[in-house]
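J.: Contents of query_39.txt (compact mmCIF, N, CA and C atoms and all ligand atoms) are given next:
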```txt
# COMPACT_ATOMS: atom_id res chain seq x y z
N MET D 1 -27.87 -7.59 9.05
CA MET D 1 -27.53 -8.36 10.24
C MET D 1 -26.03 -8.69 10.23
N LYS D 2 -25.39 -8.48 11.35
CA LYS D 2 -23.96 -8.72 11.39
C LYS D 2 -23.66 -10.09 11.98
N LYS D 3 -22.93 -10.88 11.17
CA LYS D 3 -22.56 -12.20 11.65
C LYS D 3 -21.27 -12.08 12.45
N SER D 4 -21.26 -12.68 13.61
CA SER D 4 -20.03 -12.59 14.40
C SER D 4 -19.39 -13.96 14.58
N LYS D 5 -20.03 -14.98 14.00
CA LYS D 5 -19.45 -16.30 14.18
C LYS D 5 -18.19 -16.47 13.32
N LEU D 6 -17.35 -17.38 13.72
CA LEU D 6 -16.08 -17.56 13.04
C LEU D 6 -16.30 -18.07 11.62
N LEU D 7 -15.46 -17.60 10.73
CA LEU D 7 -15.58 -18.00 9.33
C LEU D 7 -15.12 -19.43 9.13
N ALA D 8 -15.76 -20.08 8.16
CA ALA D 8 -15.41 -21.46 7.86
C ALA D 8 -14.13 -21.53 7.02
N ASP D 9 -13.43 -22.64 7.11
CA ASP D 9 -12.23 -22.84 6.30
C ASP D 9 -12.50 -22.63 4.82
N THR D 10 -13.70 -23.05 4.38
CA THR D 10 -14.01 -22.94 2.96
C THR D 10 -14.05 -21.49 2.50
N THR D 11 -14.45 -20.57 3.40
CA THR D 11 -14.45 -19.14 3.06
C THR D 11 -13.03 -18.69 2.76
N TYR D 12 -12.11 -19.09 3.64
CA TYR D 12 -10.70 -18.73 3.44
C TYR D 12 -10.14 -19.40 2.20
N ASP D 13 -10.49 -20.67 2.02
CA ASP D 13 -9.98 -21.40 0.85
C ASP D 13 -10.39 -20.71 -0.44
N GLY D 14 -11.65 -20.23 -0.46
CA GLY D 14 -12.14 -19.52 -1.64
C GLY D 14 -11.31 -18.29 -1.92
N GLU D 15 -10.95 -17.56 -0.86
CA GLU D 15 -10.16 -16.35 -1.05
C GLU D 15 -8.72 -16.69 -1.45
N VAL D 16 -8.17 -17.72 -0.83
CA VAL D 16 -6.81 -18.15 -1.19
C VAL D 16 -6.78 -18.54 -2.67
N GLU D 17 -7.84 -19.21 -3.10
CA GLU D 17 -7.93 -19.65 -4.50
C GLU D 17 -7.87 -18.48 -5.47
N ARG D 18 -8.45 -17.33 -5.04
CA ARG D 18 -8.44 -16.15 -5.92
C ARG D 18 -7.02 -15.67 -6.18
N LEU D 19 -6.10 -16.02 -5.27
CA LEU D 19 -4.70 -15.63 -5.45
C LEU D 19 -3.98 -16.53 -6.44
N SER D 20 -4.61 -17.66 -6.78
CA SER D 20 -3.91 -18.67 -7.56
C SER D 20 -3.59 -18.21 -8.98
N GLY D 21 -4.23 -17.10 -9.42
CA GLY D 21 -3.91 -16.58 -10.75
C GLY D 21 -2.61 -15.80 -10.77
N LEU D 22 -2.10 -15.47 -9.59
CA LEU D 22 -0.88 -14.67 -9.52
C LEU D 22 0.36 -15.55 -9.62
N PRO D 23 1.39 -15.07 -10.33
CA PRO D 23 2.65 -15.82 -10.35
C PRO D 23 3.17 -15.99 -8.93
N LYS D 24 3.93 -17.05 -8.69
CA LYS D 24 4.48 -17.36 -7.37
C LYS D 24 3.43 -17.89 -6.38
N PHE D 25 2.22 -18.12 -6.85
CA PHE D 25 1.24 -18.74 -5.96
C PHE D 25 1.75 -20.14 -5.62
N PRO D 26 1.82 -20.47 -4.31
CA PRO D 26 2.42 -21.76 -3.94
C PRO D 26 1.53 -22.94 -4.33
N MET D 27 2.12 -23.91 -5.01
CA MET D 27 1.35 -25.07 -5.44
C MET D 27 1.26 -26.13 -4.33
N LEU D 28 2.16 -26.05 -3.33
CA LEU D 28 2.13 -27.03 -2.25
C LEU D 28 0.97 -26.76 -1.32
N PRO D 29 0.18 -27.81 -1.04
CA PRO D 29 -0.97 -27.63 -0.13
C PRO D 29 -0.56 -27.04 1.21
N ALA D 30 0.62 -27.43 1.70
CA ALA D 30 1.06 -26.92 3.00
C ALA D 30 1.25 -25.41 2.96
N ALA D 31 1.79 -24.92 1.86
CA ALA D 31 2.02 -23.48 1.72
C ALA D 31 0.69 -22.74 1.56
N GLN D 32 -0.26 -23.36 0.85
CA GLN D 32 -1.59 -22.75 0.70
C GLN D 32 -2.27 -22.65 2.06
N LYS D 33 -2.01 -23.67 2.88
CA LYS D 33 -2.60 -23.68 4.22
C LYS D 33 -2.03 -22.52 5.05
N GLU D 34 -0.75 -22.21 4.82
CA GLU D 34 -0.16 -21.08 5.54
C GLU D 34 -0.82 -19.76 5.14
N LEU D 35 -1.14 -19.64 3.85
CA LEU D 35 -1.84 -18.44 3.40
C LEU D 35 -3.21 -18.35 4.08
N ARG D 36 -3.87 -19.49 4.18
CA ARG D 36 -5.18 -19.53 4.82
C ARG D 36 -5.05 -19.14 6.31
N ASN D 37 -4.00 -19.68 6.96
CA ASN D 37 -3.77 -19.34 8.36
C ASN D 37 -3.52 -17.84 8.54
N ALA D 38 -2.79 -17.27 7.57
CA ALA D 38 -2.51 -15.83 7.64
C ALA D 38 -3.82 -15.04 7.56
N LEU D 39 -4.69 -15.45 6.64
CA LEU D 39 -5.99 -14.77 6.51
C LEU D 39 -6.79 -14.89 7.79
N ARG D 40 -6.71 -16.06 8.42
CA ARG D 40 -7.44 -16.26 9.66
C ARG D 40 -6.88 -15.37 10.78
N ARG D 41 -5.55 -15.19 10.75
CA ARG D 41 -4.97 -14.29 11.75
C ARG D 41 -5.40 -12.85 11.48
N ILE D 42 -5.58 -12.51 10.21
CA ILE D 42 -5.98 -11.16 9.85
C ILE D 42 -7.40 -10.88 10.35
N SER D 43 -8.31 -11.81 10.10
CA SER D 43 -9.65 -11.67 10.68
C SER D 43 -10.32 -13.03 10.79
N GLU D 44 -10.92 -13.27 11.93
CA GLU D 44 -11.61 -14.55 12.14
C GLU D 44 -13.09 -14.46 11.83
N SER D 45 -13.59 -13.25 11.63
CA SER D 45 -15.04 -13.14 11.45
C SER D 45 -15.47 -12.18 10.34
N ASP D 46 -14.57 -11.36 9.83
CA ASP D 46 -14.96 -10.33 8.88
C ASP D 46 -14.69 -10.77 7.44
N ALA D 47 -15.64 -11.51 6.87
CA ALA D 47 -15.48 -12.04 5.51
C ALA D 47 -15.34 -10.90 4.50
N ASP D 48 -16.06 -9.79 4.73
CA ASP D 48 -16.00 -8.65 3.81
C ASP D 48 -14.60 -8.07 3.72
N PHE D 49 -13.99 -7.93 4.90
CA PHE D 49 -12.65 -7.35 4.94
C PHE D 49 -11.67 -8.25 4.19
N ILE D 50 -11.76 -9.55 4.45
CA ILE D 50 -10.89 -10.51 3.78
C ILE D 50 -11.09 -10.44 2.27
N HIS D 51 -12.35 -10.35 1.87
CA HIS D 51 -12.67 -10.31 0.44
C HIS D 51 -12.08 -9.06 -0.21
N ARG D 52 -12.26 -7.91 0.46
CA ARG D 52 -11.72 -6.66 -0.09
C ARG D 52 -10.20 -6.69 -0.10
N LEU D 53 -9.64 -7.29 0.93
CA LEU D 53 -8.17 -7.41 1.00
C LEU D 53 -7.64 -8.18 -0.20
N ILE D 54 -8.25 -9.34 -0.47
CA ILE D 54 -7.79 -10.16 -1.59
C ILE D 54 -8.03 -9.44 -2.92
N SER D 55 -9.15 -8.72 -3.03
CA SER D 55 -9.41 -7.94 -4.25
C SER D 55 -8.29 -6.93 -4.47
N ASP D 56 -7.91 -6.23 -3.38
CA ASP D 56 -6.81 -5.27 -3.46
C ASP D 56 -5.53 -5.93 -3.93
N VAL D 57 -5.24 -7.08 -3.33
CA VAL D 57 -4.00 -7.78 -3.65
C VAL D 57 -3.99 -8.19 -5.12
N VAL D 58 -5.12 -8.76 -5.57
CA VAL D 58 -5.20 -9.21 -6.96
C VAL D 58 -5.06 -8.02 -7.92
N ASP D 59 -5.65 -6.88 -7.52
CA ASP D 59 -5.59 -5.69 -8.38
C ASP D 59 -4.21 -5.04 -8.41
N THR D 60 -3.49 -5.10 -7.30
CA THR D 60 -2.29 -4.28 -7.20
C THR D 60 -0.98 -5.07 -7.14
N HIS D 61 -1.06 -6.37 -6.98
CA HIS D 61 0.18 -7.14 -6.87
C HIS D 61 0.41 -7.97 -8.11
N SER D 62 1.68 -8.00 -8.55
CA SER D 62 1.97 -8.79 -9.74
C SER D 62 2.47 -10.17 -9.38
N ILE D 63 2.80 -10.39 -8.09
CA ILE D 63 3.10 -11.74 -7.65
C ILE D 63 2.35 -12.04 -6.35
N CYS D 64 2.15 -13.31 -6.08
CA CYS D 64 1.41 -13.70 -4.89
C CYS D 64 2.21 -13.35 -3.63
N PRO D 65 1.59 -12.64 -2.68
CA PRO D 65 2.32 -12.29 -1.46
C PRO D 65 2.53 -13.50 -0.56
N THR D 66 3.55 -13.44 0.27
CA THR D 66 3.76 -14.48 1.29
C THR D 66 2.79 -14.20 2.44
N PRO D 67 2.61 -15.19 3.34
CA PRO D 67 1.72 -14.94 4.49
C PRO D 67 2.12 -13.68 5.26
N ALA D 68 3.43 -13.47 5.46
CA ALA D 68 3.87 -12.28 6.19
C ALA D 68 3.49 -11.00 5.47
N GLU D 69 3.63 -11.01 4.14
CA GLU D 69 3.26 -9.83 3.36
C GLU D 69 1.76 -9.57 3.43
N LEU D 70 0.99 -10.65 3.38
CA LEU D 70 -0.46 -10.52 3.48
C LEU D 70 -0.86 -9.80 4.77
N ILE D 71 -0.22 -10.21 5.86
CA ILE D 71 -0.54 -9.62 7.15
C ILE D 71 -0.17 -8.13 7.16
N GLN D 72 0.97 -7.83 6.52
CA GLN D 72 1.40 -6.44 6.41
C GLN D 72 0.40 -5.60 5.61
N ILE D 73 -0.01 -6.15 4.45
CA ILE D 73 -0.94 -5.44 3.58
C ILE D 73 -2.25 -5.18 4.33
N ALA D 74 -2.69 -6.21 5.08
CA ALA D 74 -3.94 -6.06 5.85
C ALA D 74 -3.79 -4.96 6.90
N GLY D 75 -2.61 -4.90 7.54
CA GLY D 75 -2.37 -3.88 8.55
C GLY D 75 -2.46 -2.48 7.94
N ALA D 76 -1.85 -2.31 6.77
CA ALA D 76 -1.86 -1.01 6.10
C ALA D 76 -3.28 -0.64 5.70
N LYS D 77 -4.04 -1.64 5.25
CA LYS D 77 -5.42 -1.40 4.81
C LYS D 77 -6.29 -0.98 6.00
N ARG D 78 -6.12 -1.67 7.13
CA ARG D 78 -6.87 -1.30 8.33
C ARG D 78 -6.56 0.13 8.74
N HIS D 79 -5.28 0.48 8.65
CA HIS D 79 -4.84 1.79 9.08
C HIS D 79 -5.50 2.86 8.20
N ARG D 80 -5.52 2.60 6.89
CA ARG D 80 -6.15 3.56 5.97
C ARG D 80 -7.62 3.73 6.31
N LYS D 81 -8.25 2.61 6.65
CA LYS D 81 -9.67 2.64 6.95
C LYS D 81 -9.93 3.53 8.17
N GLN D 82 -9.04 3.41 9.17
CA GLN D 82 -9.23 4.20 10.37
C GLN D 82 -8.98 5.68 10.15
N THR D 83 -8.04 6.01 9.27
CA THR D 83 -7.72 7.41 9.10
C THR D 83 -8.72 8.10 8.18
N SER D 84 -9.46 7.31 7.39
CA SER D 84 -10.49 7.89 6.56
C SER D 84 -11.77 7.97 7.39
N VAL D 85 -12.14 9.17 7.76
CA VAL D 85 -13.21 9.30 8.74
C VAL D 85 -14.53 9.77 8.14
N GLY D 86 -14.49 10.22 6.88
CA GLY D 86 -15.72 10.65 6.25
C GLY D 86 -16.46 9.46 5.66
N ARG D 87 -17.66 9.72 5.15
CA ARG D 87 -18.38 8.65 4.46
C ARG D 87 -17.73 8.43 3.11
N PRO D 88 -17.38 7.18 2.78
CA PRO D 88 -16.66 6.93 1.53
C PRO D 88 -17.43 7.39 0.29
N ASP D 89 -18.75 7.41 0.37
CA ASP D 89 -19.53 7.81 -0.81
C ASP D 89 -19.96 9.27 -0.74
N CYS D 90 -19.37 10.04 0.17
CA CYS D 90 -19.75 11.44 0.32
C CYS D 90 -19.31 12.24 -0.91
N PRO D 91 -20.23 12.98 -1.55
CA PRO D 91 -19.88 13.72 -2.77
C PRO D 91 -19.01 14.94 -2.49
N TYR D 92 -18.95 15.38 -1.24
CA TYR D 92 -18.19 16.60 -0.93
C TYR D 92 -16.74 16.32 -0.60
N CYS D 93 -16.50 15.30 0.22
CA CYS D 93 -15.12 15.06 0.66
C CYS D 93 -14.57 13.74 0.14
N GLU D 94 -15.39 12.94 -0.50
CA GLU D 94 -14.99 11.63 -1.03
C GLU D 94 -14.33 10.76 0.03
N GLY D 95 -14.80 10.89 1.25
CA GLY D 95 -14.33 9.99 2.30
C GLY D 95 -13.21 10.53 3.16
N SER D 96 -12.64 11.67 2.77
CA SER D 96 -11.51 12.20 3.56
C SER D 96 -11.98 12.80 4.87
N GLY D 97 -13.24 13.23 4.90
CA GLY D 97 -13.76 13.85 6.12
C GLY D 97 -13.51 15.35 6.18
N PHE D 98 -12.78 15.88 5.20
CA PHE D 98 -12.51 17.31 5.18
C PHE D 98 -12.90 17.91 3.83
N VAL D 99 -13.36 19.12 3.85
CA VAL D 99 -13.57 19.84 2.61
C VAL D 99 -12.67 21.07 2.61
N ILE D 100 -12.14 21.36 1.45
CA ILE D 100 -11.28 22.54 1.31
C ILE D 100 -12.14 23.67 0.78
N SER D 101 -12.11 24.78 1.45
CA SER D 101 -12.83 25.93 0.93
C SER D 101 -11.87 27.11 0.81
N TYR D 102 -12.23 28.04 -0.06
CA TYR D 102 -11.38 29.20 -0.27
C TYR D 102 -12.11 30.44 0.23
N ARG D 103 -11.40 31.30 0.87
CA ARG D 103 -12.02 32.55 1.26
C ARG D 103 -10.97 33.65 1.20
N THR D 104 -11.46 34.84 1.10
CA THR D 104 -10.57 35.99 1.02
C THR D 104 -10.41 36.58 2.41
N VAL D 105 -9.17 36.71 2.82
CA VAL D 105 -8.93 37.33 4.11
C VAL D 105 -8.21 38.66 3.89
N ALA D 106 -8.46 39.60 4.76
CA ALA D 106 -7.84 40.92 4.64
C ALA D 106 -7.32 41.39 5.99
N PRO D 107 -6.17 40.85 6.36
CA PRO D 107 -5.62 41.28 7.65
C PRO D 107 -5.19 42.75 7.58
N GLU D 108 -5.27 43.42 8.69
CA GLU D 108 -4.93 44.84 8.70
C GLU D 108 -3.51 45.05 8.25
N GLY D 109 -3.32 45.99 7.33
CA GLY D 109 -1.98 46.31 6.87
C GLY D 109 -1.51 45.44 5.72
N PHE D 110 -2.34 44.46 5.30
CA PHE D 110 -1.97 43.61 4.16
C PHE D 110 -3.02 43.71 3.07
N ALA D 111 -2.59 43.46 1.86
CA ALA D 111 -3.56 43.40 0.77
C ALA D 111 -4.40 42.15 0.96
N PRO D 112 -5.69 42.21 0.65
CA PRO D 112 -6.53 41.00 0.79
C PRO D 112 -5.99 39.88 -0.09
N TYR D 113 -6.04 38.68 0.43
CA TYR D 113 -5.61 37.54 -0.39
C TYR D 113 -6.52 36.34 -0.14
N GLU D 114 -6.47 35.44 -1.08
CA GLU D 114 -7.33 34.26 -0.98
C GLU D 114 -6.57 33.15 -0.27
N THR D 115 -7.22 32.49 0.64
CA THR D 115 -6.56 31.41 1.35
C THR D 115 -7.47 30.19 1.37
N SER D 116 -6.87 29.03 1.49
CA SER D 116 -7.68 27.82 1.57
C SER D 116 -7.73 27.35 3.00
N CYS D 117 -8.84 26.79 3.37
CA CYS D 117 -8.87 26.19 4.71
C CYS D 117 -9.65 24.89 4.63
N ALA D 118 -9.23 23.96 5.45
CA ALA D 118 -9.90 22.67 5.51
C ALA D 118 -10.89 22.71 6.66
N SER D 119 -12.11 22.34 6.36
CA SER D 119 -13.07 22.26 7.47
C SER D 119 -13.70 20.87 7.50
N VAL D 120 -14.22 20.54 8.64
CA VAL D 120 -14.82 19.22 8.82
C VAL D 120 -16.07 19.12 7.94
N CYS D 121 -16.15 18.04 7.21
CA CYS D 121 -17.26 17.85 6.28
C CYS D 121 -18.57 17.53 7.01
N THR D 122 -19.68 17.88 6.37
CA THR D 122 -20.99 17.63 6.98
C THR D 122 -21.23 16.14 7.26
N CYS D 123 -20.58 15.27 6.48
CA CYS D 123 -20.83 13.84 6.67
C CYS D 123 -20.23 13.32 7.95
N ARG D 124 -19.36 14.08 8.59
CA ARG D 124 -18.89 13.67 9.90
C ARG D 124 -19.27 14.68 10.98
N GLY D 125 -20.33 15.40 10.73
CA GLY D 125 -20.90 16.24 11.77
C GLY D 125 -20.51 17.71 11.68
N GLY D 126 -19.71 18.07 10.69
CA GLY D 126 -19.37 19.48 10.53
C GLY D 126 -20.49 20.22 9.82
N ARG D 127 -20.32 21.49 9.62
CA ARG D 127 -21.32 22.21 8.84
C ARG D 127 -20.67 23.35 8.06
ZN ZN N 201 -17.99 14.25 3.51
```
So that I can check it, write out the structure of this file as structure tokens.
Ligand SMILES: [Zn+2]

T.:
Amino acid sequence: MKKSKLLADTTYDGEVERLSGLPKFPMLPAAQKELRNALRRISESDADFIHRLISDVVDTHSICPTPAELIQIAGAKRHRKQTSVGRPDCPYCEGSGFVISYRTVAPEGFAPYETSCASVCTCRGGR
């Protein structure tokens, strides 16, 4: 079931708290509130996205991002999500939506050679 109601402040606070292990995490409540506001601007209803975003940040950042950086990181993450069109757990394309196959072509007048081609993966309707 998909919840579409707005997330509670406590949900954001929990995620902001996960950043507190990073150096440069702001100790001032006002600054923490700005981080929370940034998360709310990023998504008002998608707790999963916020959670994955913070997981990414904790895994890949050595210092706590500013609210502006958080919004940037979220934008890049959304973009990646949109460009990945295959099923993320697909064993053939691993989420890229394309599979590379090799075949031998023999154009007239040339020696046969092997070439690679990308085709649409079955997980997004190709065959
Ligand atoms: Zn696939």

J.: Need the shell around D:Arg18: protein/DNA/RNA residues with any atom at most 8 Å away, counting only N, CA and C atoms. Skip same-chain ones fewer than 3 positions apart. Format as a PyMOL selection string?

T.: chain D and resi 12-15+21-22+54-55+58

J.: Taking all atoms listed in the file and a cut-off of 8 Å, can you tell me which residues surround ligand ZN 201 (chain N), written as a PyMOL selection string?

T.: chain D and resi 85-99+120-125

J.: Which residue gives the smallest distance to D:Phe49 among D:Thr66, D:Pro26, D:Arg78, D:Lys33, with only C-alpha atoms counted?

T.: D:Arg78

J.: Compile the contact shell of D:Phe25 as a ChimeraX atom specification: residues with an atom at most 8 Å away, counting all atoms listed in the file, same-chain residues fewer than 5 positions apart removed.

T.: /D:19-20,31-32,63-65

J.: In Å, how far is it from atom CA of D:Lys24 to atom C of D:Asn37?

T.: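 Distance between the two atoms: 17.8 Å.
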
J.: For D:Leu53, please output as a PyMOL selection string all residues within 8 Å (counting all atoms listed in the file; exclusion window: fewer than 5 positions along the same chain).

T.: chain D and resi 47-48+58-59+73-74+77

J.: Keeping only N, CA and C atoms, write those residues as an mmCIF file, in the coordinates of the input.

T.:
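Output (result_14.cif):
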```cif
data_model
loop_
_atom_site.group_PDB
_atom_site.id
_atom_site.type_symbol
_atom_site.label_atom_id
_atom_site.label_comp_id
_atom_site.auth_asym_id
_atom_site.auth_seq_id
_atom_site.Cartn_x
_atom_site.Cartn_y
_atom_site.Cartn_z
ATOM 1 N N ALA D 47 -15.640 -11.510 6.870
ATOM 2 C CA ALA D 47 -15.480 -12.040 5.510
ATOM 3 C C ALA D 47 -15.340 -10.900 4.500
ATOM 4 N N ASP D 48 -16.060 -9.790 4.730
ATOM 5 C CA ASP D 48 -16.000 -8.650 3.810
ATOM 6 C C ASP D 48 -14.600 -8.070 3.720
ATOM 7 N N VAL D 58 -5.120 -8.760 -5.570
ATOM 8 C CA VAL D 58 -5.200 -9.210 -6.960
ATOM 9 C C VAL D 58 -5.060 -8.020 -7.920
ATOM 10 N N ASP D 59 -5.650 -6.880 -7.520
ATOM 11 C CA ASP D 59 -5.590 -5.690 -8.380
ATOM 12 C C ASP D 59 -4.210 -5.040 -8.410
ATOM 13 N N ILE D 73 -0.010 -6.150 4.450
ATOM 14 C CA ILE D 73 -0.940 -5.440 3.580
ATOM 15 C C ILE D 73 -2.250 -5.180 4.330
ATOM 16 N N ALA D 74 -2.690 -6.210 5.080
ATOM 17 C CA ALA D 74 -3.940 -6.060 5.850
ATOM 18 C C ALA D 74 -3.790 -4.960 6.900
ATOM 19 N N LYS D 77 -4.040 -1.640 5.250
ATOM 20 C CA LYS D 77 -5.420 -1.400 4.810
ATOM 21 C C LYS D 77 -6.290 -0.980 6.000
#
```

J.: Going by DSSP on the backbone, which bits of stretch 1-126 of chain D are alpha helix (DSSP H)? Write them as a VMD selection string, please.

T.: chain D and resid 9 to 18 29 to 42 47 to 60 67 to 83

J.: Counting all atoms listed in the file, which of D:Val16, D:Ala118, D:Leu70, D:Ala106 gets nearest to D:Arg36?

T.: D:Val16

J.: Would you kindly identify which residues have an atom no farther than 6.5 Å from (-10.9, 34.8, 2.2), using only N, CA and C atoms and the file's own coordinates, and write them out as a short mmCIF file (atom, residue, chain, number, x, y, z; two decimals) with N, CA and C atoms, in the frame of the given file?

T.:
```cif
data_model
loop_
_atom_site.label_atom_id
_atom_site.label_comp_id
_atom_site.auth_asym_id
_atom_site.auth_seq_id
_atom_site.Cartn_x
_atom_site.Cartn_y
_atom_site.Cartn_z
N TYR D 102 -12.23 28.04 -0.06
CA TYR D 102 -11.38 29.20 -0.27
C TYR D 102 -12.11 30.44 0.23
N ARG D 103 -11.40 31.30 0.87
CA ARG D 103 -12.02 32.55 1.26
C ARG D 103 -10.97 33.65 1.20
N THR D 104 -11.46 34.84 1.10
CA THR D 104 -10.57 35.99 1.02
C THR D 104 -10.41 36.58 2.41
N VAL D 105 -9.17 36.71 2.82
CA VAL D 105 -8.93 37.33 4.11
C VAL D 105 -8.21 38.66 3.89
N ALA D 106 -8.46 39.60 4.76
CA ALA D 106 -7.84 40.92 4.64
C ALA D 106 -7.32 41.39 5.99
N TYR D 113 -6.04 38.68 0.43
CA TYR D 113 -5.61 37.54 -0.39
C TYR D 113 -6.52 36.34 -0.14
N GLU D 114 -6.47 35.44 -1.08
CA GLU D 114 -7.33 34.26 -0.98
C GLU D 114 -6.57 33.15 -0.27
N THR D 115 -7.22 32.49 0.64
CA THR D 115 -6.56 31.41 1.35
C THR D 115 -7.47 30.19 1.37
#
```

J.: List every residue of chain D that DSSP, applied to the backbone, labels as strand (DSSP E or B), and write the result as JSON, numbers by chain.

T.: {"D": [98, 99, 100, 101, 102, 103, 104, 105, 113, 114, 115, 116, 117, 118, 119, 120]}

J.: Rounded to one decimal in Å, what is the spacing between atom C of D:Leu28 and atom N of D:Leu6?

T.: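 Interatomic distance here is 25.5 Å.
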
J.: Expressed in Å to a single decimal, how great is the separation between atom C of D:Val57 and atom CA of D:Lys5?

T.: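 Going from atom C of D:Val57 over to atom CA of D:Lys5 covers 26.0 Å.
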